[in-house]
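Peer 1: Have a look at this one before I ask anything.
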Protein chains: 2
Amino acid sequence: MTGLRERKKQRTRDSLVRAAHELFVEKGYEETTVDEIVAAVDVSQRTFFRYFASKEEVALSLQALVSERYVEALSRRPPGGAPVQVLRSTLEETWESIGEAIEEVVPLPLYMRMWQITESTPALAAAQLRHAVELEERLTAEIARREGLDPGTDSRPRVLVAAFSGVMRAAFRHWSLRGDLTVSAAQQAVESYVEQLGPALSDDWGGASSG
Amino acid sequence: MTGLRERKKQRTRDSLVRAAHELFVEKGYEETTVDEIVAAVDVSQRTFFRYFASKEEVALSLQALVSERYVEALSRRPPGGAPVQVLRSTLEETWESIGEAIEEVVPLPLYMRMWQITESTPALAAAQLRHAVELEERLTAEIARREGLDPGTDSRPRVLVAAFSGVMRAAFRHWSLRGDLTVSAAQQAVESYVEQLGPALSDDWGGASSG
DNA sequence: TTGTCAATTGTCAGCGGCTGTCATTAGTGT
DNA sequence: ACACTAATGACAGCCGCTGACAATTGACAA
């Protein structure tokens with residue numbers, strides 16, 4: 001296993017993430033000072049900025065973990081199947097393991113209340129979106145690889161991922177701001193949105209609701 | 001017409017936007033300080049922050065103008081037509097008038113080089129994305145209104161706009177980072193991406209390229 | 001024209017995020 | 001036990017941004 005030094009670093013990092021999340025949820029992101037976070041963990045401010053490039057980065061560190069897991073799961077999937085469906089089923093597959101990974105750092109309910117704060121804090125929402133774009137790049141590359149396409153000449157992977165991600169973000173946003181904060185509610189929101197991707201793009205919206 | 005006071009304010013604001021754009025393009029966004037911008041226009045730093053809530057806001061002030069025009073154009077469009085097509089044709093319709101509006105503040109080539117900087121500067125890219133989300137909200141509301149739907153119960157407008165916006169952003173990004181910086185090249189990039197929205201979501205990608 | 005009022009601007013002080021630098025502390029391998 | 005290196009702390013300082021108050025400047029009526 002790893003040495004004491006490494007373990008200690010991991011513990012410090014996790015403590016910072018946890019303390020930050022607790023403070024953010026308790027008193028809001030902007031109202032929380034880096035000094036307060038480091039006071040809670042009893043390290044210097046300088047140490048904080050050695051672990052995280054910015055205050056935003058702590059707030060989004062768990063989202064980064066989630067993205068990481070999703071990309072890994074996608075790249076491990078066997079070839080075959082329509083690209084849209086692969087994106088969908090990879091998602092269905094990973095909910096649980098991702099939840100477990102998060103709980104190793106902070107309790108799941110805390111993470112979910114943090115989602116709300118992220119969505120409603122402009123600076124955080126912006127940073128999150130930027131990360132989402134980086135994620136899109138990786139997903140695009142992965143889809144292209146699976147289909148044996150060159151993303152430079154064939155833009156279908158990029159377009160698909162852009163559309164899919166856009167819809168996913170809308171679903172998460174809807175969930176975090178108006179749904180109940182459970183995993184299954186999030187799952188449901190995402191699924192119902194993705195299912196409407198096709199109908200929404202069709203030329204005939206008819207009269208019937210699809211909400 | 002308006003009084004001298006108002007005209008003076010407008011001039012100050014435009015000068016700040018223009019000086020900022022020139023400096024950003026010349027030496028980069030992060031490398032430019034607000035003090036340098038205000039020095040170029042000869043106003044106090046405090047005045048700058050009375051016109052713009054943040055340094056980011058000057059950098060994105062022209063994008064805000066563009067969004068404004070697009071929403072207006074959309075809301076002025078007569079009813080009828082498939083929602084996707086309405087979004088597309090509104091775009092085609094507005095290229096020119098938007099270009100003219102921009103040129104009243106800064107030369108078009110300067111604006112376009114600024115696009116590049118925006119895309120390649122993380123902080124700006126993030127802020128731009130946040131504005132894009134706000135724009136999506138307005139477009140969603142507008143589409144729902146046109147179709148006589150309640151966005152609370154029918155999520156098709158939201159899903160459509162999310163997908164459309166995602167693809168548009170991907171197109172602009174592609175253009176600004178790899179295309180030539182002309183209006184027509186931007187138009188072309190957007191059109192070719194949007195055209196592939198349908199095919200990209202289809203279950204059969206076949207073998208033929210569509211790039 | 002002059003005087004009054006309100007809007008705009010400048011000055012100054014100060015907070016909070018973030019970084020460079022250098023001394024200090026604390027694991028690691030011999 | 002001893003050197004070596006990685007991690008931390010302490011300190012100074014830049015920059016974005018804000019509140020408060022005084023000074024300036026356009027608007028409008030007497």
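Labels for the structure tokens follow display order: chains A, B, ..., residues from 1 in each chain, ligands from 1.
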Could you list the residues in chain C lying within 8 Å of chain A, using only C-alpha atoms (C1' of nucleotides), and format the result as a list in words?
Peer 2: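 Therefore, the residues near the partner are DG16, DG17, DC18 and DG27 of chain C.
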Peer 1: Using 9 Å as the limit and counting only C-alpha atoms, can you tabulate each residue of chain A that touches chain B, with its shortest atom-to-atom distance in Å and the two atoms involved, as a tab-separated table?
Peer 2:
residue	atom	partner	partner_atom	distance
A:Gly81	CA	B:Asp203	CA	8.1
A:Ala82	CA	B:Asp203	CA	4.9
A:Pro83	CA	B:Asp203	CA	7.2
A:Val84	CA	B:Leu201	CA	6.4
A:Gln85	CA	B:Asp203	CA	8.0
A:Pro122	CA	B:Arg130	CA	7.3
A:Ala123	CA	B:Ala127	CA	7.7
A:Ala125	CA	B:Arg130	CA	6.7
A:Ala126	CA	B:Ala126	CA	4.7
A:Ala127	CA	B:Ala126	CA	5.3
A:Gln128	CA	B:Ala126	CA	7.8
A:Leu129	CA	B:Leu129	CA	6.2
A:Arg130	CA	B:Ala126	CA	4.9
A:His131	CA	B:Ala126	CA	8.4
A:Glu147	CA	B:Trp205	CA	8.7
A:Leu149	CA	B:Ser209	CA	8.1
A:Pro151	CA	B:Gly211	CA	8.4
A:Gly152	CA	B:Gly211	CA	8.0
A:Thr153	CA	B:Gly211	CA	4.9
A:Asp154	CA	B:Gly211	CA	3.6
A:Ser155	CA	B:Gly211	CA	5.0
A:Arg156	CA	B:Ala200	CA	5.0
A:Pro157	CA	B:Ala200	CA	7.0
A:Arg158	CA	B:Ala170	CA	7.4
A:Val159	CA	B:Val167	CA	5.7
A:Leu160	CA	B:Ala200	CA	5.2
A:Val161	CA	B:Gly166	CA	8.6
A:Ala162	CA	B:Gly166	CA	4.9
A:Ala163	CA	B:Ala163	CA	4.1
A:Phe164	CA	B:Ala163	CA	6.9
A:Ser165	CA	B:Gly166	CA	7.4
A:Gly166	CA	B:Ala162	CA	4.9
A:Val167	CA	B:Ala162	CA	5.4
A:Met168	CA	B:Ala162	CA	8.7
A:Arg169	CA	B:Ala162	CA	8.3
A:Ala170	CA	B:Ala162	CA	6.8
A:Ala171	CA	B:Val159	CA	8.6
A:Tyr193	CA	B:Val159	CA	6.7
A:Val194	CA	B:Val159	CA	8.2
A:Gln196	CA	B:Arg156	CA	6.5
A:Leu197	CA	B:Val159	CA	6.3
A:Gly198	CA	B:Leu201	CA	7.7
A:Pro199	CA	B:Arg156	CA	7.5
A:Ala200	CA	B:Arg156	CA	5.0
A:Leu201	CA	B:Leu160	CA	6.1
A:Ser202	CA	B:Ala82	CA	7.9
A:Asp203	CA	B:Ala82	CA	4.9
A:Asp204	CA	B:Ala82	CA	6.5
A:Trp205	CA	B:Ala82	CA	7.8
A:Ser209	CA	B:Asp154	CA	5.9
A:Ser210	CA	B:Asp154	CA	5.6
A:Gly211	CA	B:Asp154	CA	3.6
Peer 1: Could the residues in this selection be written to a file with N, CA and C atoms, as a short mmCIF file (atom, residue, chain, number, x, y, z; two decimals), in the first residue's frame?
Peer 2:
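So out.cif came out as:
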data_model
loop_
_atom_site.label_atom_id
_atom_site.label_comp_id
_atom_site.auth_asym_id
_atom_site.auth_seq_id
_atom_site.Cartn_x
_atom_site.Cartn_y
_atom_site.Cartn_z
N GLY A 81 -23.80 -1.17 -30.80
CA GLY A 81 -24.93 -0.39 -30.28
C GLY A 81 -24.90 1.03 -30.82
N ALA A 82 -26.08 1.61 -30.92
CA ALA A 82 -26.15 2.98 -31.42
C ALA A 82 -25.53 3.93 -30.40
N PRO A 83 -24.75 4.90 -30.87
CA PRO A 83 -24.05 5.83 -29.98
C PRO A 83 -24.95 6.46 -28.91
N VAL A 84 -26.13 6.94 -29.31
CA VAL A 84 -27.01 7.54 -28.30
C VAL A 84 -27.32 6.55 -27.20
N GLN A 85 -27.62 5.34 -27.62
CA GLN A 85 -27.98 4.32 -26.63
C GLN A 85 -26.82 3.97 -25.72
N PRO A 122 -23.98 31.81 -9.41
CA PRO A 122 -23.49 32.08 -10.77
C PRO A 122 -22.04 31.66 -11.03
N ALA A 123 -21.16 32.03 -10.13
CA ALA A 123 -19.75 31.70 -10.34
C ALA A 123 -19.55 30.19 -10.43
N ALA A 125 -21.93 27.88 -11.14
CA ALA A 125 -22.63 27.36 -12.31
C ALA A 125 -21.75 27.53 -13.54
N ALA A 126 -21.09 28.68 -13.62
CA ALA A 126 -20.22 28.94 -14.77
C ALA A 126 -19.06 27.97 -14.81
N ALA A 127 -18.40 27.79 -13.70
CA ALA A 127 -17.25 26.88 -13.66
C ALA A 127 -17.69 25.46 -13.98
N GLN A 128 -18.84 25.09 -13.49
CA GLN A 128 -19.35 23.76 -13.76
C GLN A 128 -19.58 23.55 -15.25
N LEU A 129 -20.09 24.57 -15.88
CA LEU A 129 -20.34 24.48 -17.31
C LEU A 129 -19.03 24.31 -18.08
N ARG A 130 -18.03 25.01 -17.61
CA ARG A 130 -16.74 24.88 -18.30
C ARG A 130 -16.23 23.45 -18.21
N HIS A 131 -16.38 22.87 -17.04
CA HIS A 131 -15.96 21.48 -16.88
C HIS A 131 -16.80 20.56 -17.76
N GLU A 147 -16.60 4.37 -32.90
CA GLU A 147 -17.21 4.24 -34.23
C GLU A 147 -16.16 4.24 -35.33
N LEU A 149 -14.27 6.73 -36.27
CA LEU A 149 -14.38 7.94 -37.08
C LEU A 149 -13.28 8.93 -36.69
N PRO A 151 -12.77 12.56 -35.67
CA PRO A 151 -13.57 13.71 -35.22
C PRO A 151 -13.20 15.00 -35.95
N GLY A 152 -12.08 14.99 -36.62
CA GLY A 152 -11.70 16.17 -37.37
C GLY A 152 -12.55 16.34 -38.63
N THR A 153 -12.91 15.23 -39.24
CA THR A 153 -13.65 15.32 -40.50
C THR A 153 -15.13 14.99 -40.34
N ASP A 154 -15.46 14.17 -39.37
CA ASP A 154 -16.86 13.81 -39.17
C ASP A 154 -17.35 14.42 -37.86
N SER A 155 -18.29 15.34 -37.94
CA SER A 155 -18.68 16.05 -36.72
C SER A 155 -19.86 15.40 -36.00
N ARG A 156 -20.30 14.25 -36.49
CA ARG A 156 -21.45 13.64 -35.83
C ARG A 156 -21.20 13.30 -34.36
N PRO A 157 -20.04 12.78 -34.01
CA PRO A 157 -19.81 12.53 -32.58
C PRO A 157 -19.92 13.81 -31.76
N ARG A 158 -19.33 14.86 -32.24
CA ARG A 158 -19.38 16.13 -31.51
C ARG A 158 -20.82 16.63 -31.37
N VAL A 159 -21.54 16.55 -32.46
CA VAL A 159 -22.92 17.02 -32.44
C VAL A 159 -23.78 16.18 -31.51
N LEU A 160 -23.61 14.88 -31.59
CA LEU A 160 -24.37 14.01 -30.71
C LEU A 160 -24.09 14.32 -29.25
N VAL A 161 -22.81 14.39 -28.92
CA VAL A 161 -22.43 14.64 -27.52
C VAL A 161 -22.91 16.01 -27.06
N ALA A 162 -22.82 16.99 -27.94
CA ALA A 162 -23.28 18.33 -27.58
C ALA A 162 -24.77 18.32 -27.25
N ALA A 163 -25.53 17.66 -28.08
CA ALA A 163 -26.97 17.59 -27.86
C ALA A 163 -27.28 16.81 -26.59
N PHE A 164 -26.64 15.67 -26.46
CA PHE A 164 -26.87 14.81 -25.30
C PHE A 164 -26.50 15.54 -24.00
N SER A 165 -25.34 16.17 -23.99
CA SER A 165 -24.88 16.87 -22.79
C SER A 165 -25.81 18.02 -22.45
N GLY A 166 -26.21 18.76 -23.48
CA GLY A 166 -27.12 19.87 -23.24
C GLY A 166 -28.38 19.41 -22.55
N VAL A 167 -28.92 18.32 -23.02
CA VAL A 167 -30.14 17.79 -22.44
C VAL A 167 -29.91 17.28 -21.02
N MET A 168 -28.78 16.63 -20.83
CA MET A 168 -28.45 16.14 -19.49
C MET A 168 -28.35 17.28 -18.49
N ARG A 169 -27.68 18.32 -18.89
CA ARG A 169 -27.52 19.45 -17.99
C ARG A 169 -28.88 20.03 -17.62
N ALA A 170 -29.73 20.16 -18.63
CA ALA A 170 -31.07 20.68 -18.38
C ALA A 170 -31.81 19.79 -17.39
N ALA A 171 -31.63 18.49 -17.53
CA ALA A 171 -32.31 17.55 -16.64
C ALA A 171 -31.79 17.69 -15.21
N TYR A 193 -35.99 13.27 -19.75
CA TYR A 193 -35.51 14.29 -20.68
C TYR A 193 -34.90 13.65 -21.92
N VAL A 194 -34.06 12.67 -21.70
CA VAL A 194 -33.37 12.04 -22.83
C VAL A 194 -34.38 11.41 -23.79
N GLN A 196 -37.09 12.46 -24.59
CA GLN A 196 -37.80 13.45 -25.41
C GLN A 196 -36.92 14.13 -26.44
N LEU A 197 -35.68 13.69 -26.48
CA LEU A 197 -34.77 14.30 -27.43
C LEU A 197 -35.28 14.13 -28.86
N GLY A 198 -35.67 12.92 -29.18
CA GLY A 198 -36.18 12.67 -30.53
C GLY A 198 -37.44 13.47 -30.82
N PRO A 199 -38.47 13.30 -30.02
CA PRO A 199 -39.72 14.04 -30.26
C PRO A 199 -39.52 15.55 -30.34
N ALA A 200 -38.66 16.09 -29.51
CA ALA A 200 -38.48 17.55 -29.48
C ALA A 200 -37.91 18.06 -30.80
N LEU A 201 -37.15 17.22 -31.46
CA LEU A 201 -36.52 17.66 -32.69
C LEU A 201 -37.39 17.39 -33.91
N SER A 202 -38.44 16.62 -33.74
CA SER A 202 -39.29 16.31 -34.89
C SER A 202 -40.05 17.56 -35.33
N ASP A 203 -40.45 17.55 -36.57
CA ASP A 203 -41.10 18.73 -37.10
C ASP A 203 -42.53 18.90 -36.61
N ASP A 204 -43.14 17.81 -36.23
CA ASP A 204 -44.53 17.89 -35.80
C ASP A 204 -44.66 17.64 -34.31
N TRP A 205 -44.96 18.73 -33.59
CA TRP A 205 -45.12 18.58 -32.15
C TRP A 205 -46.55 18.20 -31.78
N SER A 209 -49.37 16.65 -24.98
CA SER A 209 -48.24 16.97 -24.11
C SER A 209 -47.33 15.76 -23.96
N SER A 210 -46.06 16.04 -23.72
CA SER A 210 -45.11 14.96 -23.48
C SER A 210 -44.28 15.23 -22.23
N GLY A 211 -44.84 16.03 -21.29
CA GLY A 211 -44.08 16.50 -20.17
C GLY A 211 -43.72 15.44 -19.17
#
Peer 1: Using only C-alpha atoms (C1' of nucleotides), determine which residues lie at most 10 Å from DA23 in chain D, disregarding the query and same-chain residues fewer than 2 positions distant; provide the list as a count of residues only.
Peer 2: 5
Peer 1: Using DSSP assignments from the backbone, pull out every residue in range 68-211 of chain B that falls under alpha helix (DSSP H) and give it to me as a VMD selection string.
Peer 2: chain B and resid 68 to 76 83 to 103 108 to 120 122 to 147 156 to 178 183 to 195 197 to 201
Peer 1: Restrict the selected residues to C-alpha atoms and save them as a compact mmCIF listing (two decimals), in the first residue's frame.
Peer 2:
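Now in out17.txt:
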# COMPACT_ATOMS: atom_id res chain seq x y z
CA GLU B 68 -30.41 40.36 -27.05
CA ARG B 69 -30.85 40.82 -30.78
CA TYR B 70 -31.46 37.15 -31.39
CA VAL B 71 -34.15 36.89 -28.74
CA GLU B 72 -35.84 39.99 -30.11
CA ALA B 73 -35.79 38.61 -33.63
CA LEU B 74 -37.25 35.33 -32.44
CA SER B 75 -40.05 36.97 -30.56
CA ARG B 76 -40.94 39.08 -33.60
CA PRO B 83 -39.75 24.91 -33.74
CA VAL B 84 -36.32 23.67 -34.87
CA GLN B 85 -36.77 25.39 -38.19
CA VAL B 86 -37.83 28.62 -36.52
CA LEU B 87 -34.66 28.65 -34.46
CA ARG B 88 -32.60 28.04 -37.59
CA SER B 89 -34.19 30.60 -39.83
CA THR B 90 -34.20 33.29 -37.17
CA LEU B 91 -30.47 32.80 -37.05
CA GLU B 92 -30.08 33.14 -40.81
CA GLU B 93 -32.16 36.27 -40.73
CA THR B 94 -30.18 38.11 -38.09
CA TRP B 95 -26.52 37.68 -39.04
CA GLU B 96 -26.34 40.94 -40.86
CA SER B 97 -28.14 43.27 -38.49
CA ILE B 98 -26.20 41.86 -35.56
CA GLY B 99 -22.95 42.53 -37.36
CA GLU B 100 -23.96 46.13 -37.87
CA ALA B 101 -24.86 46.58 -34.23
CA ILE B 102 -21.45 45.36 -33.19
CA GLU B 103 -19.62 47.64 -35.56
CA LEU B 108 -15.89 43.42 -36.55
CA PRO B 109 -12.43 41.84 -36.89
CA LEU B 110 -11.59 42.93 -33.37
CA TYR B 111 -14.78 41.32 -32.10
CA MET B 112 -13.88 38.10 -33.81
CA ARG B 113 -10.40 37.94 -32.45
CA MET B 114 -12.01 38.49 -29.07
CA TRP B 115 -14.10 35.37 -29.69
CA GLN B 116 -10.91 33.37 -29.92
CA ILE B 117 -9.68 34.76 -26.64
CA THR B 118 -12.98 34.07 -24.98
CA GLU B 119 -12.91 30.46 -26.06
CA SER B 120 -9.34 29.93 -24.94
CA PRO B 122 -11.10 29.42 -19.00
CA ALA B 123 -12.62 32.16 -16.89
CA LEU B 124 -14.23 33.78 -19.91
CA ALA B 125 -15.38 30.53 -21.43
CA ALA B 126 -17.08 29.74 -18.15
CA ALA B 127 -18.83 33.09 -17.90
CA GLN B 128 -19.92 32.84 -21.51
CA LEU B 129 -21.46 29.46 -20.84
CA ARG B 130 -23.40 30.84 -17.94
CA HIS B 131 -24.83 33.52 -20.16
CA ALA B 132 -25.67 30.87 -22.70
CA VAL B 133 -27.75 29.11 -20.10
CA GLU B 134 -29.63 32.28 -19.33
CA LEU B 135 -30.24 32.71 -23.02
CA GLU B 136 -31.56 29.16 -23.19
CA GLU B 137 -34.12 30.00 -20.54
CA ARG B 138 -35.42 32.88 -22.58
CA LEU B 139 -35.50 30.88 -25.79
CA THR B 140 -37.30 28.07 -24.02
CA ALA B 141 -39.94 30.46 -22.76
CA GLU B 142 -40.33 31.96 -26.19
CA ILE B 143 -40.71 28.60 -27.94
CA ALA B 144 -43.22 27.48 -25.35
CA ARG B 145 -45.19 30.66 -25.88
CA ARG B 146 -45.19 30.20 -29.64
CA GLU B 147 -46.46 26.67 -29.33
CA ARG B 156 -40.04 19.58 -25.16
CA PRO B 157 -39.22 23.27 -25.55
CA ARG B 158 -36.50 23.00 -22.96
CA VAL B 159 -35.09 19.85 -24.48
CA LEU B 160 -35.14 21.27 -27.98
CA VAL B 161 -33.43 24.47 -26.94
CA ALA B 162 -30.87 22.60 -24.88
CA ALA B 163 -29.96 20.39 -27.81
CA PHE B 164 -29.96 23.26 -30.29
CA SER B 165 -27.86 25.50 -28.06
CA GLY B 166 -25.39 22.74 -27.33
CA VAL B 167 -24.85 22.20 -31.00
CA MET B 168 -24.57 25.92 -31.71
CA ARG B 169 -21.93 26.37 -29.07
CA ALA B 170 -19.97 23.47 -30.48
CA ALA B 171 -20.17 25.06 -33.92
CA PHE B 172 -19.03 28.47 -32.75
CA ARG B 173 -16.24 26.92 -30.80
CA HIS B 174 -15.09 24.96 -33.80
CA TRP B 175 -15.24 28.07 -35.94
CA SER B 176 -13.46 30.37 -33.53
CA LEU B 177 -10.64 27.96 -32.83
CA ARG B 178 -10.13 26.38 -36.24
CA VAL B 183 -18.91 36.01 -40.75
CA SER B 184 -19.60 33.66 -43.62
CA ALA B 185 -17.33 31.00 -42.20
CA ALA B 186 -19.21 31.21 -38.93
CA GLN B 187 -22.52 30.93 -40.75
CA GLN B 188 -21.31 27.90 -42.60
CA ALA B 189 -20.04 26.18 -39.45
CA VAL B 190 -23.33 26.67 -37.66
CA GLU B 191 -25.39 25.48 -40.57
CA SER B 192 -23.38 22.36 -41.16
CA TYR B 193 -23.54 21.43 -37.49
CA VAL B 194 -27.25 22.02 -37.17
CA GLU B 195 -27.92 19.94 -40.26
CA LEU B 197 -28.41 17.12 -35.49
CA GLY B 198 -30.90 14.65 -36.90
CA PRO B 199 -28.40 12.19 -38.37
CA ALA B 200 -26.25 12.24 -35.25
CA LEU B 201 -29.14 11.11 -33.11
Peer 1: With only C-alpha atoms (C1' of nucleotides) as the basis for distance, which of B:Ser61, B:Glu22, B:Arg7, B:Pro78 is at the shortest distance from chain D?
Peer 2: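 Closest candidate: B:Arg7.
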Peer 1: Mind giving me the straight-line distance from CA of Leu62 in chain A to CA of Pro79 in chain A in Å, one decimal?
Peer 2: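 Taking CA of Leu62 in chain A and CA of Pro79 in chain A, their separation equals 28.8 Å.
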